[in-house]
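Taking it in order: structure first as C-alpha cells, then the write-up.
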6 protein chains.
Amino acid sequence: MFVPRQIVEEKLKAVLAEDIGQGDVTAAAIIPSDVKVKAEVIAKEDGVIAGIEEATILAEYVGLKVEAKAADGEKIRNKQVLMHLSGGAQTILTVERTLLNLLSRMSGIATQTRTLTHIIKKNKSKTKIAATRKTAPGLNFFDKKAVAIGGGDPHRLHLDDMILIKDNHLAIVGGVEEAVKKAKANASFSKKIEVEVTTLEDAFVAAKAGADIVMLDNFSPKQAKEAAVKLRKAGYEKVLIEISGGVTAQNLAEYAAADVAVISMGALTHSVKALDISLEIVK
Amino acid sequence: MFVPRQIVEEKLKAVLAEDIGQGDVTAAAIIPSDVKVKAEVIAKEDGVIAGIEEATILAEYVGLKVEAKAADGEKIRNKQVLMHLSGGAQTILTVERTLLNLLSRMSGIATQTRTLTHIIKKNKSKTKIAATRKTAPGLNFFDKKAVAIGGGDPHRLHLDDMILIKDNHLAIVGGVEEAVKKAKANASFSKKIEVEVTTLEDAFVAAKAGADIVMLDNFSPKQAKEAAVKLRKAGYEKVLIEISGGVTAQNLAEYAAADVAVISMGALTHSVKALDISLEIVK
Amino acid sequence: MFVPRQIVEEKLKAVLAEDIGQGDVTAAAIIPSDVKVKAEVIAKEDGVIAGIEEATILAEYVGLKVEAKAADGEKIRNKQVLMHLSGGAQTILTVERTLLNLLSRMSGIATQTRTLTHIIKKNKSKTKIAATRKTAPGLNFFDKKAVAIGGGDPHRLHLDDMILIKDNHLAIVGGVEEAVKKAKANASFSKKIEVEVTTLEDAFVAAKAGADIVMLDNFSPKQAKEAAVKLRKAGYEKVLIEISGGVTAQNLAEYAAADVAVISMGALTHSVKALDISLEIVK
Amino acid sequence: MFVPRQIVEEKLKAVLAEDIGQGDVTAAAIIPSDVKVKAEVIAKEDGVIAGIEEATILAEYVGLKVEAKAADGEKIRNKQVLMHLSGGAQTILTVERTLLNLLSRMSGIATQTRTLTHIIKKNKSKTKIAATRKTAPGLNFFDKKAVAIGGGDPHRLHLDDMILIKDNHLAIVGGVEEAVKKAKANASFSKKIEVEVTTLEDAFVAAKAGADIVMLDNFSPKQAKEAAVKLRKAGYEKVLIEISGGVTAQNLAEYAAADVAVISMGALTHSVKALDISLEIVK
Amino acid sequence: MFVPRQIVEEKLKAVLAEDIGQGDVTAAAIIPSDVKVKAEVIAKEDGVIAGIEEATILAEYVGLKVEAKAADGEKIRNKQVLMHLSGGAQTILTVERTLLNLLSRMSGIATQTRTLTHIIKKNKSKTKIAATRKTAPGLNFFDKKAVAIGGGDPHRLHLDDMILIKDNHLAIVGGVEEAVKKAKANASFSKKIEVEVTTLEDAFVAAKAGADIVMLDNFSPKQAKEAAVKLRKAGYEKVLIEISGGVTAQNLAEYAAADVAVISMGALTHSVKALDISLEIVK
Amino acid sequence: MFVPRQIVEEKLKAVLAEDIGQGDVTAAAIIPSDVKVKAEVIAKEDGVIAGIEEATILAEYVGLKVEAKAADGEKIRNKQVLMHLSGGAQTILTVERTLLNLLSRMSGIATQTRTLTHIIKKNKSKTKIAATRKTAPGLNFFDKKAVAIGGGDPHRLHLDDMILIKDNHLAIVGGVEEAVKKAKANASFSKKIEVEVTTLEDAFVAAKAGADIVMLDNFSPKQAKEAAVKLRKAGYEKVLIEISGGVTAQNLAEYAAADVAVISMGALTHSVKALDISLEIVK
C-alpha cells in the first residue's frame, strides 16, 4: 500500500481538525507562542511499532522537525525512544494526542499481527494472517496498513477490489454454484472471485464452479484441514483456501496445521489493544 | 451531545465512501438491481447497545427503511434482534459492514463503560467514569458518544473546550502555580481550568491557585483517597478531583473508595473490544 | 459497479457546482422563480444510451421530477425521447448543460464500446473489450461505468485493485521474472497479477513465474494469435491473455481472431466522441 | 485565466485521489521505497502542448523534481521530450497516469483549437474560435484553459458570468425582445447580454433591443455572412456576432468568410481526441 | 443570482457545523429529545428583510417545518413575525443562532441598500447602487444576494466575471491605454472591460481605447458630474460610468445628480449593521 | 486560541477560492505571468490591527514573501505600513481583496473591542468585554480571534463548550431551578453552567441551584449593580456575573460601575465597521 504522503496528509488533516476544534485553548493561555521545545516519543511497553511514517507526515505537516528513531515494523522495547520532535511548543502540545492515538492504535494492531504470525511460523506453516473489513469506522487505510506492517495481509481494501460472495449474498442468490457462475459472467476479468462456504460440499461446488478462493467459514481446525487436503487431492491445488470465523490466538496453532493460504481474523482490527506510547518534553 | 442528524450524516458519508471505493463489485455482479430484501441486525453476545441512532441515520441515508428494535443504552442479549432493515438488496449488502463496524465499536465502548460504572455503584460511590481524548483517530465524536450512552462522562470534546494543564505543559511553564495563574489571566471566563498533578503538594498548590479541577495522576487508591480527604478538609470542597492513570477494571473498586468526582480511563476508547453483532438477510 | 445513489450524488454536486459558479444569472434575470415547465431530453443521433441513472440522480437531487423513457444500455434512435423532466424552469435551465454533458459523454463511450463488441461477436470470438485507466481526469467512475454499460469490461477501477506490472516497472525492477516473483511474495492474496510483455519469450517467463494475466503489448494480430496458441499449448490455459496497444476499430477484427480473453483500448475513454443529445422545453 | 497554483493543486488532488484509491499496490509490491529514478514525458505524435503547468503542479505536489522542456502553447514533435521528472520511483509510477491523462486531454484540445484557428487565419479572417460549456463533466477549468492555450476563446466560465439567452429561455419567456428587455432591466451592469437567434429577423430584434452579442444558431455560411453584413449596415457594428451550430473543421473556411467576431464549437471540448503522450523511466 | 437550493444547502452546512462543534451540550443536557415545539422568528426593528429563502433552506435542511410569513425584499416592522418554525426543540435551539446570524446580516445589508436607493430615487436619478468585492471573508454569495434583494446591483460575483483594471494594475502595466488594449486583445469576448481612473483625461483615454465601463475613483460630486457630461458630449454615451470611493449616505444625493450608471459602495458589505431579529419559542 | 497555521490555511483556501472563481481574468489578460512586484499593506485610518497572522498565512500560502511590519494587537496609525509583500504580480493582485477583507474586518472588530475595554479601564473596573455567538455566518473563528486580539473574551467558541441556558431553553424546561439541576445532572463535569435570567429573583435561584455563571439579561446599569452586590453579599462571590443586552458604547461606563465579571456585546461581531486598509504596488 503505497500512497503519496500528500494523500495521507489529507486524511490526517481531518483527524487533527476534529481533535482541535477552534483551537488549543490551554497552549494558547499558558505557553508563549515563540517558545521552541524538543520532545521525545517513547514506548511504554514492548511491541512492534507501526505508524512512524504517518506520525512523521503529521508532525511535518504542522511544521515540526522530526527524526524517526525507529522504523515501521521494528520490534521496540519499553522506554525506547521512537521519535525526536522539535519546534513550537504550542504546536507540539496541540498535535501530541492525535499523533499518539495514531501510533498507539497502529502499533497495537501490528504487535498483535506479529504475535499471530509467529504462532504460524512456529508451527512451520506458510499460512498468511489476514485482516478483514471489520476495522474501526473510517480507519480502513490506517488499520490495514498496520496489519501489513505487522506481517499480515490487508485483504480487500474496499468493496471494489475483489468479488467476495458471503452468506448474505448466497441467501439472496440461492446457491454457491449459481453465485459463482454469475460472478464469472459479470465481473471484470481483473478481479478474483472468493466464496464463503459452510460445508465441505459447498467448498467443492465453489472450486468446481471456478472460484479463485474458497473461504471456510467457522470450520473446526480438523474440518479445515480435512477440507484443504481433499480439495488438493481433487486437483484444486490452485484454489486458495481461507479460514475465517472462530479463530483466536489460543486455537491458531491448531488451525495452522491445515496449512491453508490464509487465515483472516476480524479481531485484528475491530478489537485492538493500543500499544502504550507517550510523548515527553525533554527541554 | 445533540447534533442534528444531517451533521452526523456528513460524518457517515465519509466512512461509507472509504469502504465502498468505486462500487460494490460483488453485489453488482450477482444480485439484480431490483431485488428487495429484509434483514435483521442481531446481537451475537450480551452487552449494552450503542450506535442505533447512527446506524439508523446511515441506513436511512442510503434509502433503506429502518425499524429500530432496541434503543441506545439498553441492555441486550445474545440473539436479540436490534434492527429491522428493508430495501434494495444491493444497498443492504453494500452498507452492511460500515453499519456493523459502527454499531460493534460503539456498543463495545458502551458495554465496557457500563461494566465500570456498575463497579462504582456497587461500591456506593458517586464517582463518574470519564473518557479521555485517547480515541481511535478521528472517532472522537462516535467514541465519546458511546461512553455517554454507557453512562460515562465524555470529558473534553476537543482541545478548545477546557483548560487542561498536563505534565508537558508544566515542563515548559515551570510549575503548577504559575501555570494556573496564567490560565486564569488569559483564558476565557467560560472555561474550567484543570491541572494534572503528581504530588499532594501540587494538588494543594493547584487548588489554592484557583484550579476548578485537580487531576491526580498515577496516585494509588490510598494516595488518591488521602488527597481527596485532605483537600476537602482544607476547604477546597468545590474543587473537583479527577483520578487518572493506572486505573483498571481490576482496581477500580479500590479507587471508588476515594469517592472523587471523576475517574478517567483512556482504555475505554483506545483499547475497545467490539461487541459481536451481525446482519442477516431474512427473506 | 453498484454504488448507493447518495455517493453518486456527491460526485455530481461537485460537477454541478463548478458549472454554476455563484448562480445562473440568465435564468434569474429573465425567468420568474415560480414558473414550472416540462422538458424532454432527446437524442439527436442513433447510439447506445448511458448515464440515464446518473442524469436521473442529478435531476432529482435538484428537485425535478423525472421519468426515464430509456434505460442504460438500450439502443436509441435519433429523435427518440429519453427522459421527461418537470419542475422549476430556473432549475431545469440551470442543470441542463451538466445533465447533457454527462449523458453525451457516457453515451458516446457506451456507443463506441458496443460497436467494438459487435465486431468481436461478428468474428465469433469471446474476447472482452476492456477500458484502461486512460480516462478524462477525474472521470474514472463515469467513464468506466459507461464502458460497462456498452458491454465492455471496466478493468482496474484504480491503482489499488490489481497488480499490473508495466514497462516502467520492469525498467526499474529488472525483468519479468523478478517482478512477478516480488509481486507474488509481497502482494495480497486477494489481487490478481498481470504483466505487460513485449516479446513471446517474456510472455512465457511471465506465465511460468505465476502471472494470472499476461498483457501482450503492441503485438500484431498475427503475433498475438501465435502467442495465445503457444501459451495454451504449453499448458498455460488458465493464464488470461490481454492484448493492448495498436488496436483500432479498423484492425479489431483481425485481433479478434486471436480469441484471447481481453483486448483493452485506451481510446474508449481518452478520445470520446460525445453522442448528440439535447434538452427541449415542451411546455 | 490566472489562478494561484495552490487552487489548481486542490483540483488535482481530487483527480489523483480517485485514481489511486487506497494505494498503488503494484509499486508497493515490487519497487523498494527508497529507489529514486528519472523519467521523461515524451510526445508520441505532433501537436500543440497544453497542461505543462498543471502537470508540473501535480508532480511537484507529490514531491517530484520537475524540469519542463516545453511551454504551454508550443508546437511539439513526435518523440520530443516535454518534461524531465525525478524522484521516488513509487511516486512517479503512481502519478504517471493522472499526469498523462491531464496532458493528453489538454493537448488534444489545444491541438484541435490551433488547427481551427489556422483555418481562420488562412482565410484572412479575424474571427475567434470559442469553446462552449459542453466540456467533460467537471472539467470546465482544464478544458477551457486548453482552448485558451490553443488560441481560442474560453467563452463563459460558468453560468454566472454572462447573460446568454438560448432557445429554451425563449421558449419560456416568449420572444427575443421581451427576453432582452428583461435581461437589461434585471441583470447586473457588469454582464454582457447575448441572445441566440434562428432567423435574421430575430437577429435584428435582438440588436435593437440592446443585446451586446447575437448568436446565429445553425445559420449556413451564406446566411451567416448575409446576417453579419446586414447588421453592420444597419448600424449595429458594435454588436458582436457569434456563429454556433453546424460548424465543422470541414466547413469552417466557408464560415470564416462571414468574418464575425466568434465561432463557437462544442466539439472542441465534448469530443476530444487525446494527444498521444507517454512517460518513460530513463534511469 | 439563481442557484438550486441544494447548492446553498452545502454552503449552510459548513456554517452550521462551525457553530455546533461536536454538539449542542445545553440542549442535550436539559431538553428531552422527543419534545416538539413551535417558534417564531420576529423582527425587533423596522427594515427590509433578506435571507428568508436561505433561512428556510437551513431550517428545512435540519428537518424543521417552516412557514415563511414575509418574503425577501419586503419592508418589515418591529415585532412583525417573519417565520413560523416547528419541530424538535433540540434542533430549533441548535440552529437558532446560525439562522438568526444569516437573517440579521442579510437584512442589515438589504435595509441599508434600500435606504440608499431611495435617496437616489428621491433625486430622480436612475443610478444603480452597487456592491463591491469588499464583503465579509467568504460571504460573497450571501452578501451580494442581500444587496440584490435590497435593490442594488451585485457587481462582479468573483474575479472571473469581468475585466476590472484598477490602480494597482495600472501601476504595473503603465497606463490606461495600454491596459485597455491588452485587455481587448487577450480577454474573452464575453467579458466587459472596466477601468478605474483618477482624472478626467484618463477617463477619455479609457473610453477611446474601448472600455465598456469607466470607474471614476474618488471624484467629487461636481467632478463626477462634469466627467459624465463631457464623456456623453464626446460621443461616449454607450460607455457606462461608475462612481466609486468617497460616497457616503450623507453625500449620496449630491452624487446622484451626476446621473451615472452606477455608484458602488464598499461599506454596503464591509461595514454592516445587522438588523435585530430574534427567535422565540411560542409553545 | 492557538491553532496550527495549516488548519487556518484550510479555512482561508475556501475564502480565496470563492472570490476567485475560475481565475483572475484581469490579471491574466494584462499582466505577464513573470512580472514580480513589491506591495505594501497600508492603514488608511487609526486603529488596532488584527489579522496580520492570518494575512501572512494567506499570502505565504499562495507563495508570496511576507514581512509583517506590525503585530496583531498593536495600535496603528493612518498611513502606517503594515506588511511588505513581494512575489508574482498576478498572485498579489489576485489575493489582494481577500487579504484586505480579512484584515479590515478583524481590525475593525479589534479596534472596537479596544475602545470598549478602555472605557472599562477608565472606570477602574475589571469587567471583561466579551463576544457572543452573533458573528457573521461562518466567521466564528476569525471574529472571535479578533475580539481576543482587541483585549476581549471570545466567550463560547461553539455550542459544545459550555452549558448556556437561555430564555428559549427556559421556555421549554419550565424554570431556572429545574434547568440548572438538569444541567448539573446531565452535563459533563468539564463544562461550566451559565443561565440567563431576567429578574433578581431568578438570579438567586440560579446561583443557589449551582450555576457557575449568571447572565443578567437586559438589566439597567442600576439593576445590574444591585444584583451584583446582593449576590456577593449573599455569599455567591464565586458565581460569575455576565451582563448582556442593551449595553452600548454610550452606556458602557454606567454598566462598568457594576464591576461584574463580564459584559458581552453582540454588536462587537454582528455589526462591524471595517477598518480602512489598502494595498499598494510600490515597485
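Lettering and numbering for the C-alpha cells are positional, with chains as A, B, ... in the shown order, residues counted from 1 in each chain, and ligands counted from 1 in the shown order.
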At most 9 Å to chain F: residues in chain A, only C-alpha atoms, as JSON, numbers by chain: {"A": [13, 16, 17, 20, 21, 22, 23, 24, 25, 26, 27, 28, 29, 33, 61, 62, 63, 90, 91, 94, 95]}
Create the file for the chosen residues now, containing N, CA, C and O atoms and written as a PDB file, in the first residue's frame.
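part13.pdb was written with the following content:
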ATOM      1  N   LYS A  13      -5.237  15.547   8.219  1.00  0.00           N
ATOM      2  CA  LYS A  13      -5.817  16.872   8.472  1.00  0.00           C
ATOM      3  C   LYS A  13      -7.174  16.762   9.130  1.00  0.00           C
ATOM      4  O   LYS A  13      -7.504  17.508  10.049  1.00  0.00           O
ATOM      5  N   LEU A  16      -6.866  15.579  12.743  1.00  0.00           N
ATOM      6  CA  LEU A  16      -6.336  16.636  13.595  1.00  0.00           C
ATOM      7  C   LEU A  16      -7.395  17.708  13.849  1.00  0.00           C
ATOM      8  O   LEU A  16      -7.601  18.160  14.985  1.00  0.00           O
ATOM      9  N   ALA A  17      -8.052  18.116  12.780  1.00  0.00           N
ATOM     10  CA  ALA A  17      -9.045  19.177  12.913  1.00  0.00           C
ATOM     11  C   ALA A  17     -10.162  18.778  13.863  1.00  0.00           C
ATOM     12  O   ALA A  17     -10.644  19.598  14.642  1.00  0.00           O
ATOM     13  N   ILE A  20      -8.874  19.256  17.446  1.00  0.00           N
ATOM     14  CA  ILE A  20      -8.552  20.622  17.870  1.00  0.00           C
ATOM     15  C   ILE A  20      -9.784  21.484  18.085  1.00  0.00           C
ATOM     16  O   ILE A  20      -9.859  22.266  19.019  1.00  0.00           O
ATOM     17  N   GLY A  21     -10.780  21.354  17.220  1.00  0.00           N
ATOM     18  CA  GLY A  21     -11.914  22.275  17.298  1.00  0.00           C
ATOM     19  C   GLY A  21     -11.439  23.653  16.889  1.00  0.00           C
ATOM     20  O   GLY A  21     -10.683  23.794  15.932  1.00  0.00           O
ATOM     21  N   GLN A  22     -11.844  24.683  17.635  1.00  0.00           N
ATOM     22  CA  GLN A  22     -11.462  26.062  17.261  1.00  0.00           C
ATOM     23  C   GLN A  22     -10.071  26.449  17.760  1.00  0.00           C
ATOM     24  O   GLN A  22      -9.631  27.578  17.546  1.00  0.00           O
ATOM     25  N   GLY A  23      -9.368  25.557  18.448  1.00  0.00           N
ATOM     26  CA  GLY A  23      -8.023  25.920  18.876  1.00  0.00           C
ATOM     27  C   GLY A  23      -7.674  25.317  20.215  1.00  0.00           C
ATOM     28  O   GLY A  23      -8.554  24.934  20.986  1.00  0.00           O
ATOM     29  N   ASP A  24      -6.392  25.210  20.485  1.00  0.00           N
ATOM     30  CA  ASP A  24      -5.922  24.651  21.749  1.00  0.00           C
ATOM     31  C   ASP A  24      -5.907  25.786  22.772  1.00  0.00           C
ATOM     32  O   ASP A  24      -4.977  26.586  22.816  1.00  0.00           O
ATOM     33  N   VAL A  25      -6.949  25.836  23.564  1.00  0.00           N
ATOM     34  CA  VAL A  25      -7.055  26.961  24.494  1.00  0.00           C
ATOM     35  C   VAL A  25      -6.044  26.885  25.627  1.00  0.00           C
ATOM     36  O   VAL A  25      -5.661  27.909  26.200  1.00  0.00           O
ATOM     37  N   THR A  26      -5.584  25.684  25.938  1.00  0.00           N
ATOM     38  CA  THR A  26      -4.608  25.562  27.027  1.00  0.00           C
ATOM     39  C   THR A  26      -3.245  26.083  26.591  1.00  0.00           C
ATOM     40  O   THR A  26      -2.634  26.923  27.267  1.00  0.00           O
ATOM     41  N   ALA A  27      -2.770  25.576  25.467  1.00  0.00           N
ATOM     42  CA  ALA A  27      -1.472  26.040  24.980  1.00  0.00           C
ATOM     43  C   ALA A  27      -1.498  27.549  24.769  1.00  0.00           C
ATOM     44  O   ALA A  27      -0.549  28.264  25.102  1.00  0.00           O
ATOM     45  N   ALA A  28      -2.601  28.052  24.222  1.00  0.00           N
ATOM     46  CA  ALA A  28      -2.690  29.487  23.962  1.00  0.00           C
ATOM     47  C   ALA A  28      -2.637  30.292  25.252  1.00  0.00           C
ATOM     48  O   ALA A  28      -2.060  31.380  25.293  1.00  0.00           O
ATOM     49  N   ALA A  29      -3.230  29.757  26.302  1.00  0.00           N
ATOM     50  CA  ALA A  29      -3.342  30.538  27.532  1.00  0.00           C
ATOM     51  C   ALA A  29      -2.052  30.564  28.338  1.00  0.00           C
ATOM     52  O   ALA A  29      -1.758  31.545  29.011  1.00  0.00           O
ATOM     53  N   SER A  33       3.881  32.081  22.390  1.00  0.00           N
ATOM     54  CA  SER A  33       3.874  31.497  21.036  1.00  0.00           C
ATOM     55  C   SER A  33       5.265  31.311  20.455  1.00  0.00           C
ATOM     56  O   SER A  33       5.440  30.592  19.476  1.00  0.00           O
ATOM     57  N   TYR A  61       3.727  18.037   8.716  1.00  0.00           N
ATOM     58  CA  TYR A  61       2.629  18.835   8.165  1.00  0.00           C
ATOM     59  C   TYR A  61       2.408  20.102   8.990  1.00  0.00           C
ATOM     60  O   TYR A  61       2.173  21.181   8.439  1.00  0.00           O
ATOM     61  N   VAL A  62       2.506  19.975  10.310  1.00  0.00           N
ATOM     62  CA  VAL A  62       2.299  21.160  11.148  1.00  0.00           C
ATOM     63  C   VAL A  62       3.599  21.909  11.414  1.00  0.00           C
ATOM     64  O   VAL A  62       3.646  22.792  12.278  1.00  0.00           O
ATOM     65  N   GLY A  63       4.649  21.558  10.683  1.00  0.00           N
ATOM     66  CA  GLY A  63       5.859  22.372  10.723  1.00  0.00           C
ATOM     67  C   GLY A  63       6.913  21.931  11.723  1.00  0.00           C
ATOM     68  O   GLY A  63       7.898  22.650  11.942  1.00  0.00           O
ATOM     69  N   GLN A  90       3.687  25.233  21.427  1.00  0.00           N
ATOM     70  CA  GLN A  90       2.227  25.168  21.258  1.00  0.00           C
ATOM     71  C   GLN A  90       1.843  24.098  20.239  1.00  0.00           C
ATOM     72  O   GLN A  90       0.901  23.330  20.434  1.00  0.00           O
ATOM     73  N   THR A  91       2.595  24.045  19.160  1.00  0.00           N
ATOM     74  CA  THR A  91       2.276  23.082  18.108  1.00  0.00           C
ATOM     75  C   THR A  91       2.456  21.649  18.591  1.00  0.00           C
ATOM     76  O   THR A  91       1.609  20.780  18.350  1.00  0.00           O
ATOM     77  N   THR A  94      -0.298  20.672  20.816  1.00  0.00           N
ATOM     78  CA  THR A  94      -1.581  20.575  20.109  1.00  0.00           C
ATOM     79  C   THR A  94      -1.712  19.269  19.324  1.00  0.00           C
ATOM     80  O   THR A  94      -2.788  18.689  19.257  1.00  0.00           O
ATOM     81  N   VAL A  95      -0.615  18.812  18.737  1.00  0.00           N
ATOM     82  CA  VAL A  95      -0.726  17.571  17.937  1.00  0.00           C
ATOM     83  C   VAL A  95      -0.402  16.327  18.739  1.00  0.00           C
ATOM     84  O   VAL A  95      -0.617  15.207  18.259  1.00  0.00           O
TER      85      VAL A  95
END
Surrounding residues of region 178-182 of chain A excluding itself and chain neighbours under 3 positions, 12 Å, only C-alpha atoms, as an MDAnalysis selection string: (chainID A and resid 163:175 185:188 192:197 202:203 205:214) or (chainID B and resid 25:32)
Distance query Glu74 (chain A) at most 8 Å, only C-alpha atoms, self and fewer than 4 positions along chain excluded, as number ranges by chain: A: 48-49, 70
Selection above as a file: N, CA, C and O atoms, as a PDB file, in the first residue's frame:
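What ended up in selection.pdb:
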ATOM      1  N   VAL A  48       5.604  -4.059  18.517  1.00  0.00           N
ATOM      2  CA  VAL A  48       6.038  -3.793  17.142  1.00  0.00           C
ATOM      3  C   VAL A  48       5.523  -2.412  16.781  1.00  0.00           C
ATOM      4  O   VAL A  48       4.334  -2.136  16.941  1.00  0.00           O
ATOM      5  N   ILE A  49       6.402  -1.565  16.321  1.00  0.00           N
ATOM      6  CA  ILE A  49       5.981  -0.186  16.051  1.00  0.00           C
ATOM      7  C   ILE A  49       5.385  -0.072  14.646  1.00  0.00           C
ATOM      8  O   ILE A  49       5.869  -0.673  13.689  1.00  0.00           O
ATOM      9  N   ALA A  70      13.021   4.907  15.016  1.00  0.00           N
ATOM     10  CA  ALA A  70      12.608   3.510  14.821  1.00  0.00           C
ATOM     11  C   ALA A  70      11.839   3.472  13.516  1.00  0.00           C
ATOM     12  O   ALA A  70      11.275   4.483  13.097  1.00  0.00           O
TER      13      ALA A  70
END
Computed interatomic separation between CA of Val272 (chain E) and CA of Ala274 (chain F) (Å): 8.7 Å
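Among the candidate residues D:His155, D:Lys79, D:Lys65, D:Arg97, the one lying nearest to Thr132 (chain C) is D:Arg97, with distances computed using only C-alpha atoms.
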Members of region 42-241 of chain C assigned strand (DSSP E) by DSSP, as a VMD selection string: chain C and resid 42 to 43 47 to 48 65 to 68 75 to 76 81 to 88 128 to 130 163 to 165 193 to 197 213 to 217 240 to 241
Helix (DSSP H, G or I) positions in region 134-268 of chain B, given as JSON, numbers by chain: {"B": [140, 141, 142, 143, 144, 145, 146, 147, 148, 149, 167, 168, 169, 170, 171, 172, 173, 176, 177, 178, 179, 180, 181, 182, 183, 184, 185, 186, 200, 201, 202, 203, 204, 205, 206, 207, 208, 209, 221, 222, 223, 224, 225, 226, 227, 228, 229, 230, 231, 232, 233, 252, 253, 254, 255, 256, 267, 268]}
Polymer residues at most 10 Å from Pro221 (chain F), only C-alpha atoms, same-chain spacing of 3 or more positions, as number ranges by chain: F: 218, 224-227, 243, 246-247, 251-258
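Here CA of Thr269 (chain B) and CA of Leu99 (chain B) stand 18.7 Å from one another.
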Can you pull out every residue within 8 Å of Glu280 (chain B), counting only C-alpha atoms, but drop anything in the same chain fewer than 2 positions away, and send it as a tab-separated table (two decimals) with C-alpha atoms, in the first residue's frame?
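Final output, out.tsv:
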chain	number	residue	atom	x	y	z
A	168	ASN	CA	-25.95	-12.98	2.83
B	39	ALA	CA	-32.61	-8.01	7.01
B	40	GLU	CA	-32.12	-8.14	10.74
B	41	VAL	CA	-29.31	-6.77	12.80
B	42	ILE	CA	-28.73	-9.31	15.56
B	278	SER	CA	-24.22	-9.35	12.72
B	282	VAL	CA	-34.26	-12.80	6.44
